[in-house]
Amino acid sequence: MGTVNVANKDINVSLAEKKPRVVFVLGGPGSGKGTQCANIVEHFHYTHLSAGDLLRAEIKSGSENGTMIQNMIKEGKIVPSEVTIKLLQKAMLESGNDKFLIDGFPRNEENRAAFEAVTKIEPEFVLFFNCPEEEMEKRLLSRNQGREDDNIETIRKRFKVFLESSLPVIEYYKAKGKVREIEAAKPIGEVFEAVKVVFTPKAEKVKKVSVFPFLCSKTIVHLPLMADMHCTYRLLPRPGLQTLPVIN
Ligand SMILES: Nc1ncnc2c1ncn2[C@@H]1O[C@H](COP(=O)(O)OP(=O)(O)O)[C@@H](O)[C@H]1O
Ligand SMILES: Nc1ccn([C@@H]2O[C@H](COP(=O)(O)OP(=O)(O)O)[C@@H](O)[C@H]2O)c(=O)n1
Ligand SMILES: [Mg+2]
C-alpha cells in the first residue's frame with residue numbers, strides 16, 4: 001500500500017466507528033458467489049459488495065485507473081489491493097448499512113493483509129463455495145453477461161490464479177476456524193438451503209419441543225442446551241431440578 005493520505009484516514013475512522021459486520025464470500029470463478037449473495041441479501045438484509053462489479057463500474061466511469069483495471073481483468077490477474085480496497089471502503093460508507101457480504105475479495109494474500117491493515121476489520125466468517133472446475137467452466141461459458149473474461153482462455157488463467165493465490169487465503173481462514181464451506185455443485189435452491197443454515201442465528205435453530213398437556217404447568221421450563229437440542233426440566237418445590245425425558 002502507498003502512503004495513507006488524510007482523506008483515506010477519515011474514511012478509515014468513519015468506517016471503524018460504524019463497526020461493520022463483514023462476511024467474505026469466496027469461491028472459484030463461476031462457483032455461484034453472486035447468485036447466492038443475491039439470495040442472502042433478500043433473506044438476511046446484508047449489503048452485497050462484489051469486488052469484480054465495483055472494478056467493472058470503475059472501468060465504465062472513465063476513471064484514470066480504468067485501462068489498467070480492464071487489462072488486468074482481461075488477463076484474469078488481480079488488481080492491486082489499494083485500488084480495490086478504496087472502492088470497497090467507499091461503497092461501505094455510502095451504503096448506510098452495517099452488514100456486508102464482500103464477494104470475490106480477498107483474492108490473494110496481498111488483498112487480505114492490506115484490507116486488515118487499512119480497515120482493521122476482521123470478517124465474522126468466510127463463506128466458501130466449493131465447486132469442481134468442470135462445473136464452474138460450464139457455468140462461465142454460458143453466463144452470457146457479455147464479460148470480456150468469460151472466454152475459455154481467460155477462464156483457464158482465472159482458475160490458475162484461484163488455485164495459486166485465492167485458495168491459500170481460504171486456508172488461512174480455515175486455520176482460524178472461520179470458514180463455512182458449502183458444496184456448490186448442486187442446484188441453486190439446494191445450495192441456498194445450506195447457505196441459510198450458516199446465516200440463521202443459533203437461537204432460531206432450537207427445535208420447539210411439543211409438551212403433553214399435563215406437563216404444561218407453571219413448573220415446567222424449557223432450557224435450550226445446544227443449537228438443535230432441547231431439554232425439559234421440572235422445578236421441584238424445594239431447590240433442585242428434576243430432568244424429564246425430551247419429548248419430540
Ligand atoms: N447452483 C447453480 N447451478 C447452476 N448454475 C448456477 C448455479 N449458481 C449459479 N449458476 C449460474 O452460473 C453462472 C455463474 O454464477 P455467478 O453467481 O455469477 O458465479 P460467481 O459470482 O461465483 O462467478 C451464472 O450464469 C449463474 O446463473
Ligand atoms: N479482489 C478482486 C476481485 C476481482 N478482481 C478482478 O475482477 C475479475 C472478475 O472478478 P469477479 O469476482 O467479478 O469474478 P467471478 O468470480 O464472479 O466470476 C477477476 O478475475 C480479477 O481480474 C480483482 O482483481 N480483485
Ligand atoms: Mg461474481
# chains A, B, ... in the order shown; residues from 1 in each chain; ligands from 1
$ residues_around --residues "Thr67 of chain A" --least-positions-apart "6" --cutoff "12 Å" --atoms "only C-alpha atoms" --output "PyMOL selection string"
chain A and resi 55-56+58-61+73-74+79
$ closest_atom_pairs --of "segment 114-201 of chain A" --to "segment 42-47 of chain A" --cutoff "9 Å" --atoms "only C-alpha atoms" --output "JSON lines"
{"residue": "A:Lys196", "atom": "CA", "partner": "A:His43", "partner_atom": "CA", "distance": 8.6}
{"residue": "A:Phe199", "atom": "CA", "partner": "A:Phe44", "partner_atom": "CA", "distance": 7.6}
{"residue": "A:Thr200", "atom": "CA", "partner": "A:Phe44", "partner_atom": "CA", "distance": 8.6}
$ write_last_selection --atoms "C-alpha atoms" --output "JSON list (two decimals), in the first residue's frame"
[["chain", "number", "residue", "atom", "x", "y", "z"],
["A", 196, "LYS", "CA", -29.42, -20.39, 5.08],
["A", 199, "PHE", "CA", -26.77, -17.39, 8.38],
["A", 200, "THR", "CA", -29.60, -18.46, 10.68]]
$ residues_near_ligand --ligand "ligand 3" --cutoff "12 Å" --atoms "only C-alpha atoms and all ligand atoms" --output "count of residues only"
36
$ select_by_dssp --residues "segment 16-71 of chain A" --states "helix (DSSP H, G or I)" --output "MDAnalysis selection string"
chainID A and resid 16:18 33:44 51:60 66:71
$ residues_around --residues "Ala194 of chain A" --least-positions-apart "3" --cutoff "12 Å" --atoms "only C-alpha atoms" --output "number ranges by chain"
A: 36, 39-40, 127-129, 180-191, 197-200
$ residues_around --residues "Arg107 of chain A" --least-positions-apart "4" --cutoff "7 Å" --atoms "only C-alpha atoms" --output "PyMOL selection string"
chain A and resi 111+165-166
$ closest_residue --among "A:Glu109, A:Glu17, A:Glu64, A:Glu134" --to "ligand 2" --atoms "only C-alpha atoms and all ligand atoms"
A:Glu109
$ closest_residue --among "A:Pro123, A:Gly66, A:Gly96, A:Pro80" --to "Arg21 of chain A" --atoms "only C-alpha atoms"
A:Pro123
$ atom_distance --atom1 "atom CA of Lys138 of chain A" --atom2 "atom CA of Glu193 of chain A"
22.6 Å
$ closest_residue --among "A:Ile11, A:Val126, A:Ala113, A:Ile155" --to "ligand 2" --atoms "only C-alpha atoms and all ligand atoms"
A:Ile155
$ select_by_dssp --residues "segment 16-123 of chain A" --states "strand (DSSP E)" --output "list in words"
Arg21, Val22, Val23, Phe24, Val25, Leu26, Gly27, Thr47, His48, Leu49, Ser50, Lys99, Phe100, Leu101, Ile102 and Asp103 of chain A
$ write_last_selection --atoms "all heavy atoms" --output "compact mmCIF listing (two decimals), in the first residue's frame"
# COMPACT_ATOMS: atom_id res chain seq x y z
N ARG A 21 -20.14 -5.31 10.24
CA ARG A 21 -20.01 -6.78 10.26
C ARG A 21 -19.79 -7.23 8.83
O ARG A 21 -20.56 -6.90 7.93
CB ARG A 21 -21.28 -7.39 10.83
CG ARG A 21 -21.43 -7.13 12.32
CD ARG A 21 -22.85 -7.36 12.77
NE ARG A 21 -23.30 -8.71 12.42
CZ ARG A 21 -24.57 -9.11 12.57
NH1 ARG A 21 -25.48 -8.29 13.04
NH2 ARG A 21 -24.91 -10.33 12.24
N VAL A 22 -18.71 -7.97 8.64
CA VAL A 22 -18.33 -8.37 7.28
C VAL A 22 -18.24 -9.88 7.14
O VAL A 22 -17.68 -10.57 7.99
CB VAL A 22 -16.96 -7.73 6.93
CG1 VAL A 22 -16.32 -8.41 5.73
CG2 VAL A 22 -17.12 -6.23 6.65
N VAL A 23 -18.83 -10.37 6.05
CA VAL A 23 -18.67 -11.78 5.67
C VAL A 23 -17.97 -11.78 4.31
O VAL A 23 -18.45 -11.14 3.37
CB VAL A 23 -20.04 -12.50 5.56
CG1 VAL A 23 -19.87 -13.91 5.00
CG2 VAL A 23 -20.75 -12.52 6.90
N PHE A 24 -16.84 -12.45 4.21
CA PHE A 24 -16.18 -12.60 2.91
C PHE A 24 -16.81 -13.79 2.20
O PHE A 24 -16.96 -14.87 2.78
CB PHE A 24 -14.68 -12.87 3.08
CG PHE A 24 -13.87 -11.68 3.54
CD1 PHE A 24 -12.76 -11.87 4.36
CD2 PHE A 24 -14.17 -10.39 3.12
CE1 PHE A 24 -11.99 -10.78 4.78
CE2 PHE A 24 -13.41 -9.30 3.53
CZ PHE A 24 -12.32 -9.50 4.35
N VAL A 25 -17.18 -13.58 0.92
CA VAL A 25 -17.77 -14.67 0.14
C VAL A 25 -16.77 -15.07 -0.94
O VAL A 25 -16.47 -14.29 -1.85
CB VAL A 25 -19.12 -14.22 -0.49
CG1 VAL A 25 -19.74 -15.37 -1.28
CG2 VAL A 25 -20.08 -13.72 0.59
N LEU A 26 -16.22 -16.27 -0.79
CA LEU A 26 -15.16 -16.71 -1.69
C LEU A 26 -15.54 -18.01 -2.39
O LEU A 26 -16.48 -18.70 -2.00
CB LEU A 26 -13.86 -16.89 -0.90
CG LEU A 26 -13.35 -15.64 -0.15
CD1 LEU A 26 -12.09 -15.95 0.65
CD2 LEU A 26 -13.10 -14.48 -1.12
N GLY A 27 -14.79 -18.31 -3.43
CA GLY A 27 -15.04 -19.49 -4.26
C GLY A 27 -14.51 -19.21 -5.64
O GLY A 27 -14.32 -18.05 -6.02
N THR A 47 -25.80 -5.91 2.77
CA THR A 47 -25.50 -5.21 1.53
C THR A 47 -24.44 -6.03 0.81
O THR A 47 -23.44 -6.42 1.40
CB THR A 47 -24.98 -3.79 1.83
OG1 THR A 47 -26.06 -3.02 2.36
CG2 THR A 47 -24.46 -3.11 0.56
N HIS A 48 -24.70 -6.31 -0.48
CA HIS A 48 -23.78 -7.12 -1.28
C HIS A 48 -22.79 -6.22 -2.02
O HIS A 48 -23.19 -5.37 -2.81
CB HIS A 48 -24.61 -7.93 -2.29
CG HIS A 48 -23.79 -8.69 -3.28
ND1 HIS A 48 -24.24 -9.01 -4.54
CD2 HIS A 48 -22.54 -9.20 -3.21
CE1 HIS A 48 -23.32 -9.68 -5.19
NE2 HIS A 48 -22.27 -9.81 -4.41
N LEU A 49 -21.51 -6.42 -1.75
CA LEU A 49 -20.48 -5.68 -2.49
C LEU A 49 -19.61 -6.68 -3.24
O LEU A 49 -18.86 -7.45 -2.62
CB LEU A 49 -19.62 -4.85 -1.53
CG LEU A 49 -20.35 -3.80 -0.70
CD1 LEU A 49 -19.38 -3.09 0.23
CD2 LEU A 49 -21.06 -2.78 -1.59
N SER A 50 -19.73 -6.70 -4.57
CA SER A 50 -18.89 -7.57 -5.39
C SER A 50 -17.67 -6.78 -5.84
O SER A 50 -17.81 -5.75 -6.50
CB SER A 50 -19.69 -8.07 -6.60
OG SER A 50 -18.80 -8.43 -7.65
N LYS A 99 -23.93 -4.27 7.68
CA LYS A 99 -23.72 -5.71 7.43
C LYS A 99 -23.38 -5.91 5.96
O LYS A 99 -24.19 -5.56 5.09
CB LYS A 99 -25.00 -6.48 7.73
CG LYS A 99 -25.33 -6.60 9.21
CD LYS A 99 -26.79 -6.99 9.38
CE LYS A 99 -27.07 -8.41 8.90
NZ LYS A 99 -28.48 -8.80 9.10
N PHE A 100 -22.22 -6.47 5.70
CA PHE A 100 -21.77 -6.57 4.30
C PHE A 100 -21.36 -7.97 3.91
O PHE A 100 -20.69 -8.67 4.67
CB PHE A 100 -20.58 -5.64 4.07
CG PHE A 100 -20.91 -4.20 4.35
CD1 PHE A 100 -20.63 -3.64 5.58
CD2 PHE A 100 -21.54 -3.43 3.38
CE1 PHE A 100 -20.95 -2.31 5.85
CE2 PHE A 100 -21.87 -2.10 3.64
CZ PHE A 100 -21.57 -1.53 4.88
N LEU A 101 -21.76 -8.32 2.67
CA LEU A 101 -21.21 -9.52 2.03
C LEU A 101 -20.16 -8.98 1.07
O LEU A 101 -20.51 -8.26 0.13
CB LEU A 101 -22.28 -10.23 1.21
CG LEU A 101 -23.51 -10.74 1.95
CD1 LEU A 101 -24.57 -11.16 0.93
CD2 LEU A 101 -23.12 -11.91 2.84
N ILE A 102 -18.90 -9.29 1.31
CA ILE A 102 -17.87 -8.84 0.38
C ILE A 102 -17.49 -10.03 -0.49
O ILE A 102 -16.89 -11.01 -0.03
CB ILE A 102 -16.67 -8.24 1.15
CG1 ILE A 102 -17.18 -7.04 1.97
CG2 ILE A 102 -15.58 -7.83 0.18
CD1 ILE A 102 -16.10 -6.11 2.49
N ASP A 103 -17.92 -9.94 -1.75
CA ASP A 103 -17.89 -11.07 -2.69
C ASP A 103 -16.66 -10.95 -3.60
O ASP A 103 -16.45 -9.92 -4.24
CB ASP A 103 -19.25 -11.03 -3.44
CG ASP A 103 -19.26 -11.71 -4.79
OD1 ASP A 103 -18.29 -12.37 -5.18
OD2 ASP A 103 -20.30 -11.57 -5.48
$ closest_residue --among "A:Phe115, A:Tyr172, A:Phe192, A:Phe162" --to "ligand 1" --atoms "only C-alpha atoms and all ligand atoms"
A:Phe192
$ closest_residue --among "A:Leu141, A:Val179, A:Ile69, A:Val161" --to "ligand 1" --atoms "only C-alpha atoms and all ligand atoms"
A:Leu141
$ atom_distance --atom1 "atom 16 (P, counted along the ligand's line) of ligand 1" --atom2 "atom CA of Ala91 of chain A"
20.6 Å
$ closest_residue --among "A:Lys19, A:Lys178, A:Arg156, A:Arg112" --to "Gly76 of chain A" --atoms "only C-alpha atoms"
A:Arg156
$ atom_distance --atom1 "atom 9 (C, counted along the ligand's line) of ligand 2" --atom2 "atom CA of Gln70 of chain A"
10.0 Å
$ decode --residues "segment 131-146 of chain A" --atoms "all heavy atoms" --output "PDB file, in the first residue's frame"
ATOM      1  N   CYS A 131     -16.585 -25.822  -5.535  1.00  0.00           N
ATOM      2  CA  CYS A 131     -17.211 -26.314  -6.772  1.00  0.00           C
ATOM      3  C   CYS A 131     -16.125 -26.869  -7.700  1.00  0.00           C
ATOM      4  O   CYS A 131     -15.062 -26.249  -7.848  1.00  0.00           O
ATOM      5  CB  CYS A 131     -17.932 -25.142  -7.445  1.00  0.00           C
ATOM      6  SG  CYS A 131     -19.084 -25.612  -8.734  1.00  0.00           S
ATOM      7  N   PRO A 132     -16.363 -28.039  -8.321  1.00  0.00           N
ATOM      8  CA  PRO A 132     -15.349 -28.562  -9.243  1.00  0.00           C
ATOM      9  C   PRO A 132     -15.163 -27.645 -10.459  1.00  0.00           C
ATOM     10  O   PRO A 132     -16.121 -27.025 -10.922  1.00  0.00           O
ATOM     11  CB  PRO A 132     -15.923 -29.913  -9.693  1.00  0.00           C
ATOM     12  CG  PRO A 132     -17.094 -30.184  -8.820  1.00  0.00           C
ATOM     13  CD  PRO A 132     -17.532 -28.897  -8.203  1.00  0.00           C
ATOM     14  N   GLU A 133     -13.924 -27.608 -10.957  1.00  0.00           N
ATOM     15  CA  GLU A 133     -13.613 -26.737 -12.105  1.00  0.00           C
ATOM     16  C   GLU A 133     -14.507 -27.007 -13.310  1.00  0.00           C
ATOM     17  O   GLU A 133     -14.949 -26.080 -13.993  1.00  0.00           O
ATOM     18  CB  GLU A 133     -12.144 -26.943 -12.536  1.00  0.00           C
ATOM     19  CG  GLU A 133     -11.238 -25.889 -11.974  1.00  0.00           C
ATOM     20  CD  GLU A 133      -9.832 -25.946 -12.525  1.00  0.00           C
ATOM     21  OE1 GLU A 133      -9.605 -26.448 -13.651  1.00  0.00           O
ATOM     22  OE2 GLU A 133      -8.926 -25.476 -11.797  1.00  0.00           O
ATOM     23  N   GLU A 134     -14.760 -28.289 -13.548  1.00  0.00           N
ATOM     24  CA  GLU A 134     -15.564 -28.675 -14.722  1.00  0.00           C
ATOM     25  C   GLU A 134     -16.940 -27.979 -14.699  1.00  0.00           C
ATOM     26  O   GLU A 134     -17.401 -27.431 -15.706  1.00  0.00           O
ATOM     27  CB  GLU A 134     -15.748 -30.194 -14.646  1.00  0.00           C
ATOM     28  CG  GLU A 134     -16.130 -30.846 -15.941  1.00  0.00           C
ATOM     29  CD  GLU A 134     -16.455 -32.322 -15.697  1.00  0.00           C
ATOM     30  OE1 GLU A 134     -16.781 -32.687 -14.539  1.00  0.00           O
ATOM     31  OE2 GLU A 134     -16.382 -33.083 -16.656  1.00  0.00           O
ATOM     32  N   GLU A 135     -17.565 -27.972 -13.505  1.00  0.00           N
ATOM     33  CA  GLU A 135     -18.880 -27.335 -13.340  1.00  0.00           C
ATOM     34  C   GLU A 135     -18.756 -25.809 -13.491  1.00  0.00           C
ATOM     35  O   GLU A 135     -19.574 -25.168 -14.152  1.00  0.00           O
ATOM     36  CB  GLU A 135     -19.447 -27.713 -11.961  1.00  0.00           C
ATOM     37  CG  GLU A 135     -20.742 -27.002 -11.573  1.00  0.00           C
ATOM     38  CD  GLU A 135     -21.954 -27.408 -12.404  1.00  0.00           C
ATOM     39  OE1 GLU A 135     -21.910 -28.456 -13.074  1.00  0.00           O
ATOM     40  OE2 GLU A 135     -22.953 -26.633 -12.396  1.00  0.00           O
ATOM     41  N   MET A 136     -17.703 -25.233 -12.899  1.00  0.00           N
ATOM     42  CA  MET A 136     -17.532 -23.768 -12.977  1.00  0.00           C
ATOM     43  C   MET A 136     -17.315 -23.349 -14.432  1.00  0.00           C
ATOM     44  O   MET A 136     -17.870 -22.353 -14.892  1.00  0.00           O
ATOM     45  CB  MET A 136     -16.347 -23.327 -12.104  1.00  0.00           C
ATOM     46  CG  MET A 136     -16.559 -23.585 -10.625  1.00  0.00           C
ATOM     47  SD  MET A 136     -15.421 -22.712  -9.538  1.00  0.00           S
ATOM     48  CE  MET A 136     -13.893 -23.580  -9.757  1.00  0.00           C
ATOM     49  N   GLU A 137     -16.514 -24.140 -15.145  1.00  0.00           N
ATOM     50  CA  GLU A 137     -16.236 -23.814 -16.563  1.00  0.00           C
ATOM     51  C   GLU A 137     -17.529 -23.806 -17.372  1.00  0.00           C
ATOM     52  O   GLU A 137     -17.796 -22.876 -18.150  1.00  0.00           O
ATOM     53  CB  GLU A 137     -15.240 -24.833 -17.127  1.00  0.00           C
ATOM     54  CG  GLU A 137     -14.815 -24.519 -18.547  1.00  0.00           C
ATOM     55  CD  GLU A 137     -13.822 -25.536 -19.072  1.00  0.00           C
ATOM     56  OE1 GLU A 137     -12.776 -25.736 -18.439  1.00  0.00           O
ATOM     57  OE2 GLU A 137     -14.126 -26.136 -20.136  1.00  0.00           O
ATOM     58  N   LYS A 138     -18.355 -24.838 -17.159  1.00  0.00           N
ATOM     59  CA  LYS A 138     -19.635 -24.936 -17.872  1.00  0.00           C
ATOM     60  C   LYS A 138     -20.499 -23.693 -17.583  1.00  0.00           C
ATOM     61  O   LYS A 138     -21.063 -23.089 -18.498  1.00  0.00           O
ATOM     62  CB  LYS A 138     -20.348 -26.209 -17.377  1.00  0.00           C
ATOM     63  CG  LYS A 138     -21.309 -26.813 -18.357  1.00  0.00           C
ATOM     64  CD  LYS A 138     -21.795 -28.166 -17.882  1.00  0.00           C
ATOM     65  CE  LYS A 138     -22.663 -28.045 -16.636  1.00  0.00           C
ATOM     66  NZ  LYS A 138     -23.076 -29.334 -16.046  1.00  0.00           N
ATOM     67  N   ARG A 139     -20.566 -23.308 -16.309  1.00  0.00           N
ATOM     68  CA  ARG A 139     -21.401 -22.152 -15.930  1.00  0.00           C
ATOM     69  C   ARG A 139     -20.871 -20.850 -16.546  1.00  0.00           C
ATOM     70  O   ARG A 139     -21.654 -20.028 -17.027  1.00  0.00           O
ATOM     71  CB  ARG A 139     -21.429 -22.003 -14.405  1.00  0.00           C
ATOM     72  CG  ARG A 139     -22.178 -23.112 -13.703  1.00  0.00           C
ATOM     73  CD  ARG A 139     -22.159 -22.855 -12.205  1.00  0.00           C
ATOM     74  NE  ARG A 139     -22.676 -23.974 -11.449  1.00  0.00           N
ATOM     75  CZ  ARG A 139     -22.676 -24.024 -10.116  1.00  0.00           C
ATOM     76  NH1 ARG A 139     -22.193 -23.020  -9.418  1.00  0.00           N
ATOM     77  NH2 ARG A 139     -23.163 -25.075  -9.483  1.00  0.00           N
ATOM     78  N   LEU A 140     -19.543 -20.666 -16.498  1.00  0.00           N
ATOM     79  CA  LEU A 140     -18.975 -19.402 -17.005  1.00  0.00           C
ATOM     80  C   LEU A 140     -19.198 -19.269 -18.509  1.00  0.00           C
ATOM     81  O   LEU A 140     -19.478 -18.181 -19.015  1.00  0.00           O
ATOM     82  CB  LEU A 140     -17.481 -19.324 -16.687  1.00  0.00           C
ATOM     83  CG  LEU A 140     -17.117 -19.180 -15.201  1.00  0.00           C
ATOM     84  CD1 LEU A 140     -15.608 -19.248 -15.011  1.00  0.00           C
ATOM     85  CD2 LEU A 140     -17.656 -17.870 -14.629  1.00  0.00           C
ATOM     86  N   LEU A 141     -19.080 -20.410 -19.207  1.00  0.00           N
ATOM     87  CA  LEU A 141     -19.226 -20.355 -20.672  1.00  0.00           C
ATOM     88  C   LEU A 141     -20.672 -20.103 -21.084  1.00  0.00           C
ATOM     89  O   LEU A 141     -20.932 -19.740 -22.227  1.00  0.00           O
ATOM     90  CB  LEU A 141     -18.670 -21.631 -21.309  1.00  0.00           C
ATOM     91  CG  LEU A 141     -17.142 -21.753 -21.246  1.00  0.00           C
ATOM     92  CD1 LEU A 141     -16.673 -23.111 -21.746  1.00  0.00           C
ATOM     93  CD2 LEU A 141     -16.456 -20.615 -22.035  1.00  0.00           C
ATOM     94  N   SER A 142     -21.606 -20.291 -20.152  1.00  0.00           N
ATOM     95  CA  SER A 142     -22.998 -19.972 -20.529  1.00  0.00           C
ATOM     96  C   SER A 142     -23.560 -18.847 -19.665  1.00  0.00           C
ATOM     97  O   SER A 142     -24.771 -18.706 -19.530  1.00  0.00           O
ATOM     98  CB  SER A 142     -23.873 -21.231 -20.449  1.00  0.00           C
ATOM     99  OG  SER A 142     -23.721 -21.852 -19.207  1.00  0.00           O
ATOM    100  N   ARG A 143     -22.676 -18.030 -19.044  1.00  0.00           N
ATOM    101  CA  ARG A 143     -23.159 -16.952 -18.174  1.00  0.00           C
ATOM    102  C   ARG A 143     -23.835 -15.831 -18.982  1.00  0.00           C
ATOM    103  O   ARG A 143     -24.780 -15.202 -18.502  1.00  0.00           O
ATOM    104  CB  ARG A 143     -22.015 -16.399 -17.315  1.00  0.00           C
ATOM    105  CG  ARG A 143     -22.440 -15.285 -16.420  1.00  0.00           C
ATOM    106  CD  ARG A 143     -21.646 -15.140 -15.133  1.00  0.00           C
ATOM    107  NE  ARG A 143     -20.210 -14.969 -15.298  1.00  0.00           N
ATOM    108  CZ  ARG A 143     -19.369 -14.820 -14.259  1.00  0.00           C
ATOM    109  NH1 ARG A 143     -19.816 -14.838 -13.037  1.00  0.00           N
ATOM    110  NH2 ARG A 143     -18.095 -14.655 -14.463  1.00  0.00           N
ATOM    111  N   ASN A 144     -23.313 -15.575 -20.173  1.00  0.00           N
ATOM    112  CA  ASN A 144     -23.972 -14.602 -21.062  1.00  0.00           C
ATOM    113  C   ASN A 144     -24.179 -13.213 -20.471  1.00  0.00           C
ATOM    114  O   ASN A 144     -25.245 -12.624 -20.618  1.00  0.00           O
ATOM    115  CB  ASN A 144     -25.351 -15.131 -21.516  1.00  0.00           C
ATOM    116  CG  ASN A 144     -25.199 -16.158 -22.611  1.00  0.00           C
ATOM    117  OD1 ASN A 144     -24.261 -16.076 -23.413  1.00  0.00           O
ATOM    118  ND2 ASN A 144     -26.104 -17.128 -22.637  1.00  0.00           N
ATOM    119  N   GLN A 145     -23.177 -12.709 -19.775  1.00  0.00           N
ATOM    120  CA  GLN A 145     -23.297 -11.334 -19.257  1.00  0.00           C
ATOM    121  C   GLN A 145     -22.402 -10.396 -20.056  1.00  0.00           C
ATOM    122  O   GLN A 145     -22.130  -9.277 -19.620  1.00  0.00           O
ATOM    123  CB  GLN A 145     -22.941 -11.301 -17.761  1.00  0.00           C
ATOM    124  CG  GLN A 145     -24.043 -11.900 -16.889  1.00  0.00           C
ATOM    125  CD  GLN A 145     -23.689 -11.932 -15.410  1.00  0.00           C
ATOM    126  OE1 GLN A 145     -22.591 -11.546 -15.013  1.00  0.00           O
ATOM    127  NE2 GLN A 145     -24.613 -12.417 -14.607  1.00  0.00           N
ATOM    128  N   GLY A 146     -21.901 -10.886 -21.167  1.00  0.00           N
ATOM    129  CA  GLY A 146     -21.054 -10.056 -22.023  1.00  0.00           C
ATOM    130  C   GLY A 146     -19.721  -9.704 -21.387  1.00  0.00           C
ATOM    131  O   GLY A 146     -19.131  -8.671 -21.719  1.00  0.00           O
TER     132      GLY A 146
END
